[in-house]
$ cat final13.cif   # mmCIF, C-alpha atoms
data_upload
loop_
_atom_site.group_PDB
_atom_site.id
_atom_site.type_symbol
_atom_site.label_atom_id
_atom_site.label_comp_id
_atom_site.auth_asym_id
_atom_site.auth_seq_id
_atom_site.Cartn_x
_atom_site.Cartn_y
_atom_site.Cartn_z
ATOM 1 C CA MET A 1 1.490 12.171 -22.390
ATOM 2 C CA ARG A 2 3.105 8.917 -23.486
ATOM 3 C CA ALA A 3 5.985 7.368 -21.576
ATOM 4 C CA THR A 4 7.675 3.993 -21.142
ATOM 5 C CA ALA A 5 10.005 2.720 -18.444
ATOM 6 C CA ARG A 6 11.942 -0.528 -18.792
ATOM 7 C CA ILE A 7 14.113 -2.371 -16.307
ATOM 8 C CA VAL A 8 16.005 -5.657 -16.721
ATOM 9 C CA ALA A 9 17.584 -7.373 -13.698
ATOM 10 C CA VAL A 10 20.029 -10.286 -13.962
ATOM 11 C CA ALA A 11 22.041 -12.219 -11.402
ATOM 12 C CA GLY A 12 25.705 -11.246 -11.157
ATOM 13 C CA ASP A 13 28.699 -12.461 -9.167
ATOM 14 C CA SER A 14 28.042 -9.942 -6.397
ATOM 15 C CA GLY A 15 24.240 -9.804 -6.538
ATOM 16 C CA THR A 16 21.642 -8.420 -8.885
ATOM 17 C CA ARG A 17 22.802 -6.300 -11.832
ATOM 18 C CA LEU A 18 20.534 -3.925 -13.721
ATOM 19 C CA THR A 19 21.458 -4.309 -17.371
ATOM 20 C CA THR A 20 18.708 -1.997 -18.589
ATOM 21 C CA VAL A 21 17.270 1.027 -16.795
ATOM 22 C CA ARG A 22 15.422 3.199 -19.266
ATOM 23 C CA SER A 23 12.781 5.725 -18.306
ATOM 24 C CA GLU A 24 11.169 8.968 -19.331
ATOM 25 C CA SER A 25 9.050 11.513 -17.510
ATOM 26 C CA PRO A 26 6.793 10.955 -15.643
ATOM 27 C CA LEU A 27 8.127 7.398 -15.173
ATOM 28 C CA LEU A 28 11.607 7.936 -13.746
ATOM 29 C CA LEU A 29 13.542 4.978 -12.302
ATOM 30 C CA ARG A 30 16.142 5.446 -9.554
ATOM 31 C CA ARG A 31 18.178 2.652 -7.970
ATOM 32 C CA THR A 32 17.997 3.077 -4.189
ATOM 33 C CA GLY A 33 19.511 -0.187 -2.930
ATOM 34 C CA PRO A 34 21.314 -3.360 -4.058
ATOM 35 C CA GLU A 35 18.063 -4.897 -5.334
ATOM 36 C CA THR A 36 15.673 -1.951 -4.959
ATOM 37 C CA VAL A 37 14.477 0.566 -7.527
ATOM 38 C CA HIS A 38 12.071 3.413 -6.831
ATOM 39 C CA LEU A 39 9.775 4.942 -9.398
ATOM 40 C CA VAL A 40 9.885 8.728 -9.053
ATOM 41 C CA GLY A 41 6.996 10.716 -10.491
ATOM 42 C CA GLY A 42 8.357 13.361 -12.853
ATOM 43 C CA ALA A 43 4.956 15.031 -13.259
ATOM 44 C CA ALA A 44 1.488 15.040 -11.722
ATOM 45 C CA GLY A 45 -0.869 12.250 -12.551
ATOM 46 C CA PRO A 46 -1.677 10.036 -14.208
ATOM 47 C CA LEU A 47 -3.821 12.598 -16.017
ATOM 48 C CA GLY A 48 -6.670 11.848 -18.365
ATOM 49 C CA GLY A 49 -5.233 11.010 -21.786
ATOM 50 C CA ASP A 50 -1.908 9.681 -20.461
ATOM 51 C CA ARG A 51 -0.591 6.380 -21.843
ATOM 52 C CA LEU A 52 2.067 4.969 -19.523
ATOM 53 C CA ARG A 53 3.858 1.623 -19.686
ATOM 54 C CA ILE A 54 6.298 -0.144 -17.354
ATOM 55 C CA GLU A 55 8.242 -3.199 -18.575
ATOM 56 C CA ILE A 56 10.017 -5.431 -16.052
ATOM 57 C CA GLU A 57 12.246 -8.438 -16.739
ATOM 58 C CA VAL A 58 13.851 -10.485 -13.955
ATOM 59 C CA GLY A 59 16.370 -13.138 -14.967
ATOM 60 C CA PRO A 60 17.213 -16.479 -13.311
ATOM 61 C CA GLY A 61 18.453 -16.016 -9.747
ATOM 62 C CA ALA A 62 17.946 -12.240 -9.740
ATOM 63 C CA LEU A 63 15.988 -10.293 -7.128
ATOM 64 C CA LEU A 64 14.256 -7.010 -7.923
ATOM 65 C CA CYS A 65 12.110 -4.893 -5.616
ATOM 66 C CA LEU A 66 10.189 -2.037 -7.217
ATOM 67 C CA ARG A 67 8.624 0.698 -5.100
ATOM 68 C CA THR A 68 7.304 4.227 -5.624
ATOM 69 C CA VAL A 69 8.263 7.277 -3.598
ATOM 70 C CA ALA A 70 4.677 8.510 -3.268
ATOM 71 C CA ALA A 71 1.078 7.639 -4.025
ATOM 72 C CA SER A 72 -0.230 8.018 -7.581
ATOM 73 C CA LEU A 73 -3.095 10.482 -7.905
ATOM 74 C CA ALA A 74 -5.346 9.767 -10.895
ATOM 75 C CA LEU A 75 -6.741 13.081 -12.138
ATOM 76 C CA PRO A 76 -9.050 14.119 -14.968
ATOM 77 C CA GLY A 77 -7.395 15.617 -18.016
ATOM 78 C CA ALA A 78 -8.328 18.697 -19.981
ATOM 79 C CA SER A 79 -9.414 16.579 -22.957
ATOM 80 C CA GLY A 80 -11.706 14.391 -20.870
ATOM 81 C CA GLY A 81 -10.003 11.190 -22.046
ATOM 82 C CA ALA A 82 -9.093 8.168 -19.947
ATOM 83 C CA SER A 83 -5.620 7.468 -18.582
ATOM 84 C CA LEU A 84 -3.934 4.077 -18.829
ATOM 85 C CA LEU A 85 -1.010 2.490 -16.992
ATOM 86 C CA GLU A 86 0.165 -0.857 -18.329
ATOM 87 C CA VAL A 87 2.645 -2.990 -16.385
ATOM 88 C CA HIS A 88 4.173 -6.040 -18.066
ATOM 89 C CA ALA A 89 6.514 -8.234 -16.014
ATOM 90 C CA THR A 90 8.317 -11.517 -16.689
ATOM 91 C CA VAL A 91 10.223 -13.509 -14.070
ATOM 92 C CA ALA A 92 12.475 -16.452 -14.946
ATOM 93 C CA ALA A 93 12.866 -19.611 -12.883
ATOM 94 C CA GLY A 94 14.686 -18.799 -9.674
ATOM 95 C CA GLY A 95 14.021 -15.084 -10.094
ATOM 96 C CA ARG A 96 12.177 -13.017 -7.500
ATOM 97 C CA LEU A 97 10.107 -9.902 -8.089
ATOM 98 C CA ARG A 98 8.662 -7.629 -5.381
ATOM 99 C CA TRP A 99 6.150 -5.044 -6.641
ATOM 100 C CA LEU A 100 5.324 -2.811 -3.675
ATOM 101 C CA PRO A 101 4.141 0.593 -4.893
ATOM 102 C CA GLU A 102 2.335 3.216 -2.862
ATOM 103 C CA PRO A 103 -1.432 3.368 -3.459
ATOM 104 C CA LEU A 104 -3.440 4.697 -6.356
ATOM 105 C CA ILE A 105 -5.829 7.474 -5.291
ATOM 106 C CA ALA A 106 -8.840 7.877 -7.563
ATOM 107 C CA ALA A 107 -9.610 11.613 -7.480
ATOM 108 C CA ARG A 108 -13.026 13.013 -8.347
ATOM 109 C CA CYS A 109 -13.882 12.857 -12.075
ATOM 110 C CA CYS A 110 -10.827 10.758 -12.987
ATOM 111 C CA ASP A 111 -11.097 7.976 -15.576
ATOM 112 C CA HIS A 112 -8.181 5.599 -15.109
ATOM 113 C CA VAL A 113 -7.255 1.987 -15.835
ATOM 114 C CA SER A 114 -4.238 0.146 -14.413
ATOM 115 C CA ARG A 115 -3.674 -3.083 -16.342
ATOM 116 C CA SER A 116 -0.969 -5.479 -15.121
ATOM 117 C CA THR A 117 0.217 -8.745 -16.670
ATOM 118 C CA VAL A 118 2.823 -10.931 -14.949
ATOM 119 C CA ASP A 119 4.311 -14.095 -16.460
ATOM 120 C CA LEU A 120 6.219 -16.371 -14.084
ATOM 121 C CA GLU A 121 8.249 -19.371 -15.120
ATOM 122 C CA GLU A 122 7.976 -22.416 -12.898
ATOM 123 C CA GLY A 123 10.223 -21.817 -9.883
ATOM 124 C CA ALA A 124 9.844 -18.027 -9.927
ATOM 125 C CA SER A 125 8.553 -16.146 -6.903
ATOM 126 C CA LEU A 126 6.485 -13.000 -6.623
ATOM 127 C CA VAL A 127 5.128 -10.493 -4.127
ATOM 128 C CA TRP A 128 2.581 -8.210 -5.806
ATOM 129 C CA ARG A 129 0.738 -5.508 -3.869
ATOM 130 C CA GLU A 130 -2.023 -3.262 -5.188
ATOM 131 C CA GLU A 131 -3.803 -0.576 -3.150
ATOM 132 C CA LEU A 132 -6.675 1.682 -4.177
ATOM 133 C CA VAL A 133 -8.038 4.644 -2.235
ATOM 134 C CA CYS A 134 -11.450 6.016 -3.210
ATOM 135 C CA GLY A 135 -10.922 9.749 -3.550
ATOM 136 C CA ARG A 136 -9.078 12.294 -1.484
ATOM 137 C CA HIS A 137 -10.377 13.325 1.925
ATOM 138 C CA GLY A 138 -14.073 14.117 1.751
ATOM 139 C CA GLU A 139 -14.484 13.496 -2.004
ATOM 140 C CA GLN A 140 -16.166 10.787 -4.027
ATOM 141 C CA PRO A 141 -13.900 8.919 -6.440
ATOM 142 C CA GLY A 142 -13.917 9.087 -10.180
ATOM 143 C CA ASP A 143 -13.766 5.931 -12.264
ATOM 144 C CA ALA A 144 -10.778 3.671 -11.619
ATOM 145 C CA ARG A 145 -10.152 0.039 -12.481
ATOM 146 C CA LEU A 146 -7.337 -2.307 -11.511
ATOM 147 C CA ASP A 147 -7.099 -5.261 -13.899
ATOM 148 C CA THR A 148 -4.460 -7.869 -13.011
ATOM 149 C CA THR A 149 -3.496 -11.177 -14.620
ATOM 150 C CA VAL A 150 -0.748 -13.433 -13.253
ATOM 151 C CA ARG A 151 0.340 -16.599 -15.033
ATOM 152 C CA TYR A 152 2.575 -19.322 -13.588
ATOM 153 C CA ALA A 153 4.274 -22.022 -15.693
ATOM 154 C CA GLY A 154 2.005 -21.119 -18.614
ATOM 155 C CA GLY A 155 -1.272 -21.380 -16.696
ATOM 156 C CA THR A 156 -3.405 -18.585 -15.302
ATOM 157 C CA LEU A 157 -2.848 -18.288 -11.566
ATOM 158 C CA MET A 158 -4.958 -15.202 -10.873
ATOM 159 C CA ARG A 159 -7.275 -12.950 -12.859
ATOM 160 C CA GLN A 160 -8.660 -10.087 -10.800
ATOM 161 C CA GLU A 161 -10.489 -6.831 -11.470
ATOM 162 C CA VAL A 162 -11.493 -4.130 -8.990
ATOM 163 C CA ALA A 163 -13.512 -1.129 -10.169
ATOM 164 C CA VAL A 164 -14.831 1.897 -8.304
ATOM 165 C CA GLY A 165 -16.588 5.090 -9.323
ATOM 166 C CA PRO A 166 -19.792 6.222 -11.007
ATOM 167 C CA ARG A 167 -19.636 3.632 -13.818
ATOM 168 C CA ALA A 168 -19.007 0.714 -11.420
ATOM 169 C CA ALA A 169 -22.524 0.052 -10.165
ATOM 170 C CA GLY A 170 -22.603 -1.122 -6.546
ATOM 171 C CA TRP A 171 -18.893 -0.579 -5.979
ATOM 172 C CA ASP A 172 -19.518 0.735 -2.442
ATOM 173 C CA GLY A 173 -22.113 -1.900 -1.592
ATOM 174 C CA PRO A 174 -21.729 -5.065 0.489
ATOM 175 C CA ALA A 175 -20.595 -7.181 -2.473
ATOM 176 C CA VAL A 176 -17.553 -4.994 -3.239
ATOM 177 C CA LEU A 177 -16.210 -2.538 -0.660
ATOM 178 C CA GLY A 178 -19.050 -2.566 1.834
ATOM 179 C CA GLY A 179 -18.824 1.175 2.288
ATOM 180 C CA GLY A 180 -15.048 1.130 2.742
ATOM 181 C CA ARG A 181 -12.842 3.849 1.281
ATOM 182 C CA ALA A 182 -9.764 1.725 0.638
ATOM 183 C CA THR A 183 -9.041 -1.733 -0.666
ATOM 184 C CA ALA A 184 -5.854 -3.705 -1.185
ATOM 185 C CA SER A 185 -4.604 -7.077 -2.321
ATOM 186 C CA LEU A 186 -1.317 -8.890 -1.798
ATOM 187 C CA LEU A 187 -0.401 -11.865 -3.958
ATOM 188 C CA VAL A 188 2.474 -14.077 -2.819
ATOM 189 C CA VAL A 189 3.838 -16.790 -5.118
ATOM 190 C CA ASP A 190 6.333 -19.101 -3.446
ATOM 191 C CA PRO A 191 7.573 -22.289 -5.171
ATOM 192 C CA ALA A 192 8.143 -23.794 -1.708
ATOM 193 C CA TRP A 193 4.354 -23.994 -1.351
ATOM 194 C CA ALA A 194 3.993 -26.399 -4.282
ATOM 195 C CA ASP A 195 3.505 -29.382 -1.951
ATOM 196 C CA LYS A 196 2.090 -27.592 1.083
ATOM 197 C CA PRO A 197 0.097 -24.418 0.373
ATOM 198 C CA PRO A 198 -0.836 -22.100 3.241
ATOM 199 C CA LYS A 199 -4.198 -22.481 4.949
ATOM 200 C CA PRO A 200 -6.973 -19.870 4.781
ATOM 201 C CA VAL A 201 -6.629 -17.246 7.515
ATOM 202 C CA VAL A 202 -8.985 -14.501 8.698
ATOM 203 C CA LEU A 203 -6.856 -11.369 9.028
ATOM 204 C CA GLY A 204 -9.514 -8.959 10.244
ATOM 205 C CA PRO A 205 -13.190 -7.968 9.975
ATOM 206 C CA ALA A 206 -12.882 -7.473 6.200
ATOM 207 C CA ALA A 207 -9.573 -9.163 5.418
ATOM 208 C CA ALA A 208 -8.565 -12.721 4.612
ATOM 209 C CA LEU A 209 -5.742 -14.844 3.191
ATOM 210 C CA MET A 210 -6.828 -17.479 0.663
ATOM 211 C CA PRO A 211 -4.694 -20.154 -1.005
ATOM 212 C CA LEU A 212 -4.846 -20.345 -4.799
ATOM 213 C CA VAL A 213 -4.524 -23.313 -7.117
ATOM 214 C CA GLY A 214 -0.748 -23.272 -7.405
ATOM 215 C CA PRO A 215 2.106 -22.273 -5.090
ATOM 216 C CA ALA A 216 0.376 -19.019 -4.169
ATOM 217 C CA ALA A 217 -1.933 -17.215 -1.778
ATOM 218 C CA LEU A 218 -3.954 -14.023 -2.128
ATOM 219 C CA ALA A 219 -4.671 -11.694 0.770
ATOM 220 C CA THR A 220 -7.351 -9.027 0.363
ATOM 221 C CA ALA A 221 -8.674 -6.322 2.675
ATOM 222 C CA THR A 222 -11.113 -3.429 2.638
ATOM 223 C CA GLY A 223 -11.472 -0.726 5.241
ATOM 224 C CA ALA A 224 -12.111 2.869 6.126
ATOM 225 C CA ASP A 225 -8.623 4.026 5.132
ATOM 226 C CA LEU A 226 -5.290 2.859 3.779
ATOM 227 C CA ARG A 227 -3.734 2.376 7.215
ATOM 228 C CA GLU A 228 -6.417 -0.132 8.159
ATOM 229 C CA VAL A 229 -6.040 -2.299 5.054
ATOM 230 C CA ARG A 230 -2.240 -2.126 4.982
ATOM 231 C CA THR A 231 -2.012 -3.161 8.640
ATOM 232 C CA ALA A 232 -4.126 -6.214 7.863
ATOM 233 C CA LEU A 233 -1.997 -7.286 4.890
ATOM 234 C CA ASP A 234 1.462 -6.465 6.258
ATOM 235 C CA ALA A 235 1.288 -9.650 8.311
ATOM 236 C CA CYS A 236 1.347 -11.603 5.029
ATOM 237 C CA LEU A 237 4.538 -10.043 3.659
ATOM 238 C CA PRO A 238 7.512 -12.417 3.518
ATOM 239 C CA ASP A 239 10.112 -11.854 6.235
ATOM 240 C CA ASP A 240 12.609 -10.318 3.775
ATOM 241 C CA GLU A 241 10.226 -7.430 3.020
#
$ encode --input "final13.cif" --output "structure tokens"
Amino acid sequence: MRATARIVAVAGDSGTRLTTVRSESPLLLRRTGPETVHLVGGAAGPLGGDRLRIEIEVGPGALLCLRTVAASLALPGASGGASLLEVHATVAAGGRLRWLPEPLIAARCCDHVSRSTVDLEEGASLVWREELVCGRHGEQPGDARLDTTVRYAGGTLMRQEVAVGPRAAGWDGPAVLGGGRATASLLVVDPAWADKPPKPVVLGPAAALMPLVGPAALATATGADLREVRTALDACLPDDE
């Protein structure tokens, strides 16, 4: 299955206006608040062979929060091919984007890649959360990879890849998940930190907040389940979340 969803948010006299909301199954967009849009799954998946793309554009002074109504379950397809979700986002100066989806669950025998690219102009802000759960209850995960690049003012701010599954050697060892079943990251970009970035903070036994080179900080956590890692990172969400 091939599908594309596109959303464009601009600042209006009475708040954020959505000038473009275009989607097709299984990527269905529904506005659920003044600045909030939920992605509603119109079909199971992603399934092996799927090619899905989400395009996001946030204009100067606009605020957009994107969420999903449920977790995404990566499943093998009948053809045995890989599935791909590409997310491309641009945020203008003064714009704010909040990407807060529910987790990706890597089911047994899946082969999935989520590839995200975010371009921020100087003065833009971002909250970007990614969560990965290794299989359903009692099952080993298939292959899943989260590949994320965030650029700020033309320079690379963060380049991160997390891979689990049979082809990711050592993924459950001490250097990656340490035997955990869930992992998550939360990137916060705040122009107000340009002169005074946050300090490193230990958030839990396997969780920490680390400043980046730029007005940003990255919090990461691993744990036995999603509740454990989300609890650790929720403390890092901005107050307006």
$ atom_distance --input "final13.cif" --atom1 "atom CA of Ser25 of chain A" --atom2 "atom CA of Ala182 of chain A"
27.9 Å
$ atom_distance --input "final13.cif" --atom1 "atom CA of Leu73 of chain A" --atom2 "atom CA of Pro101 of chain A"
12.6 Å
$ closest_residue --input "final13.cif" --among "A:Pro166, A:Asp172, A:Pro46, A:Val8" --to "Val91 of chain A" --atoms "only C-alpha atoms"
A:Val8
$ resolve_selection --input "final13.cif" --expression "the PyMOL selection byres ((chain A and resi 151) around 9)" --output "PyMOL selection string"
chain A and resi 117-121+149-150+152-159
$ residues_near_point --input "final13.cif" --point "(-3.4, -27.2, -1.0)" --cutoff "8 Å" --atoms "only C-alpha atoms" --output "list in words"
Asp195, Lys196, Pro197, Pro198, Lys199, Pro211, Leu212, Val213 and Gly214 of chain A
$ closest_residue --input "final13.cif" --among "A:Leu126, A:Val113, A:Val201, A:Ala107" --to "Glu161 of chain A" --atoms "only C-alpha atoms"
A:Val113
$ closest_residue --input "final13.cif" --among "A:Val37, A:Val69, A:Leu187, A:Val133" --to "Leu226 of chain A" --atoms "all atoms listed in the file"
A:Val133
$ residues_around --input "final13.cif" --residues "segment 55-66 of chain A" --least-positions-apart "3" --cutoff "8 Å" --atoms "all atoms listed in the file" --output "PyMOL selection string"
chain A and resi 4-12+15-17+35-39+87-101
$ resolve_selection --input "final13.cif" --expression "the PyMOL selection byres ((chain A and resi 106) around 8)" --output "PyMOL selection string"
chain A and resi 73-75+104-105+107-108+110+112+132-136+141-144
$ closest_residue --input "final13.cif" --among "A:Ala44, A:Ala3, A:Val127, A:Ala163" --to "Glu86 of chain A" --atoms "only C-alpha atoms"
A:Ala3
$ resolve_selection --input "final13.cif" --expression "the PyMOL selection byres ((chain A and resi 162) around 7)" --output "PyMOL selection string"
chain A and resi 145-147+160-161+163-164
$ closest_residue --input "final13.cif" --among "A:Ala78, A:Met210, A:Ala194, A:Ala216" --to "Cys109 of chain A" --atoms "all atoms listed in the file"
A:Ala78
$ closest_residue --input "final13.cif" --among "A:Ala169, A:Leu52, A:Leu209, A:Ala219" --to "Leu186 of chain A" --atoms "all atoms listed in the file"
A:Ala219
$ residues_near_point --input "final13.cif" --point "(-16.8, -6.8, 2.1)" --cutoff "10 Å" --atoms "all atoms listed in the file" --output "PDB file with C-alpha atoms, in the coordinates of the input"
ATOM      1  CA  ASP A 172     -19.518   0.735  -2.442  1.00  0.00           C
ATOM      2  CA  GLY A 173     -22.113  -1.900  -1.592  1.00  0.00           C
ATOM      3  CA  PRO A 174     -21.729  -5.065   0.489  1.00  0.00           C
ATOM      4  CA  ALA A 175     -20.595  -7.181  -2.473  1.00  0.00           C
ATOM      5  CA  VAL A 176     -17.553  -4.994  -3.239  1.00  0.00           C
ATOM      6  CA  LEU A 177     -16.210  -2.538  -0.660  1.00  0.00           C
ATOM      7  CA  GLY A 178     -19.050  -2.566   1.834  1.00  0.00           C
ATOM      8  CA  GLY A 179     -18.824   1.175   2.288  1.00  0.00           C
ATOM      9  CA  GLY A 180     -15.048   1.130   2.742  1.00  0.00           C
ATOM     10  CA  THR A 183      -9.041  -1.733  -0.666  1.00  0.00           C
ATOM     11  CA  PRO A 205     -13.190  -7.968   9.975  1.00  0.00           C
ATOM     12  CA  ALA A 206     -12.882  -7.473   6.200  1.00  0.00           C
ATOM     13  CA  ALA A 207      -9.573  -9.163   5.418  1.00  0.00           C
ATOM     14  CA  THR A 220      -7.351  -9.027   0.363  1.00  0.00           C
ATOM     15  CA  ALA A 221      -8.674  -6.322   2.675  1.00  0.00           C
ATOM     16  CA  THR A 222     -11.113  -3.429   2.638  1.00  0.00           C
ATOM     17  CA  GLY A 223     -11.472  -0.726   5.241  1.00  0.00           C
TER      18      GLY A 223
END
$ atom_distance --input "final13.cif" --atom1 "atom CA of Leu203 of chain A" --atom2 "atom CA of Trp128 of chain A"
17.9 Å
$ residues_around --input "final13.cif" --residues "Ala70 of chain A" --least-positions-apart "2" --cutoff "7 Å" --atoms "only C-alpha atoms" --output "list of chain:residue names"
A:Thr68, A:Ser72, A:Glu102
$ build_atoms --input "final13.cif" --residues "segment 127-150 of chain A" --atoms "N, CA and C atoms" --output "short mmCIF file (atom, residue, chain, number, x, y, z; two decimals), keeping the file's coordinate frame"
data_model
loop_
_atom_site.label_atom_id
_atom_site.label_comp_id
_atom_site.auth_asym_id
_atom_site.auth_seq_id
_atom_site.Cartn_x
_atom_site.Cartn_y
_atom_site.Cartn_z
N VAL A 127 5.96 -11.21 -5.09
CA VAL A 127 5.13 -10.49 -4.13
C VAL A 127 4.55 -9.30 -4.89
N TRP A 128 3.23 -9.23 -4.97
CA TRP A 128 2.58 -8.21 -5.81
C TRP A 128 1.48 -7.53 -5.00
N ARG A 129 1.70 -6.26 -4.68
CA ARG A 129 0.74 -5.51 -3.87
C ARG A 129 0.06 -4.43 -4.71
N GLU A 130 -1.26 -4.32 -4.54
CA GLU A 130 -2.02 -3.26 -5.19
C GLU A 130 -2.95 -2.63 -4.16
N GLU A 131 -2.97 -1.30 -4.11
CA GLU A 131 -3.80 -0.58 -3.15
C GLU A 131 -4.55 0.53 -3.88
N LEU A 132 -5.83 0.68 -3.54
CA LEU A 132 -6.68 1.68 -4.18
C LEU A 132 -7.43 2.45 -3.10
N VAL A 133 -7.33 3.77 -3.17
CA VAL A 133 -8.04 4.64 -2.24
C VAL A 133 -9.10 5.42 -3.02
N CYS A 134 -10.31 5.43 -2.50
CA CYS A 134 -11.45 6.02 -3.21
C CYS A 134 -11.57 7.51 -2.92
N GLY A 135 -10.85 8.31 -3.68
CA GLY A 135 -10.92 9.75 -3.55
C GLY A 135 -10.02 10.30 -2.46
N ARG A 136 -9.79 11.60 -2.54
CA ARG A 136 -9.08 12.29 -1.48
C ARG A 136 -10.03 12.53 -0.32
N HIS A 137 -9.55 13.14 0.73
CA HIS A 137 -10.38 13.32 1.92
C HIS A 137 -11.66 14.09 1.58
N GLY A 138 -12.79 13.46 1.92
CA GLY A 138 -14.07 14.12 1.75
C GLY A 138 -14.61 14.18 0.34
N GLU A 139 -13.99 13.44 -0.63
CA GLU A 139 -14.48 13.50 -2.00
C GLU A 139 -14.83 12.10 -2.50
N GLN A 140 -15.81 12.04 -3.38
CA GLN A 140 -16.17 10.79 -4.03
C GLN A 140 -15.18 10.50 -5.15
N PRO A 141 -14.89 9.23 -5.41
CA PRO A 141 -13.90 8.92 -6.44
C PRO A 141 -14.47 9.05 -7.84
N GLY A 142 -13.56 9.25 -8.78
CA GLY A 142 -13.92 9.09 -10.18
C GLY A 142 -13.87 7.61 -10.53
N ASP A 143 -13.81 7.32 -11.81
CA ASP A 143 -13.77 5.93 -12.26
C ASP A 143 -12.33 5.42 -12.29
N ALA A 144 -12.11 4.30 -11.63
CA ALA A 144 -10.78 3.67 -11.62
C ALA A 144 -10.94 2.16 -11.63
N ARG A 145 -10.09 1.50 -12.39
CA ARG A 145 -10.15 0.04 -12.48
C ARG A 145 -8.75 -0.54 -12.43
N LEU A 146 -8.58 -1.54 -11.58
CA LEU A 146 -7.34 -2.31 -11.51
C LEU A 146 -7.60 -3.68 -12.11
N ASP A 147 -6.89 -4.01 -13.16
CA ASP A 147 -7.10 -5.26 -13.90
C ASP A 147 -5.77 -6.01 -13.90
N THR A 148 -5.73 -7.16 -13.23
CA THR A 148 -4.46 -7.87 -13.01
C THR A 148 -4.57 -9.33 -13.43
N THR A 149 -3.59 -9.77 -14.22
CA THR A 149 -3.50 -11.18 -14.62
C THR A 149 -2.10 -11.69 -14.28
N VAL A 150 -2.03 -12.81 -13.59
CA VAL A 150 -0.75 -13.43 -13.25
C VAL A 150 -0.79 -14.87 -13.75
#
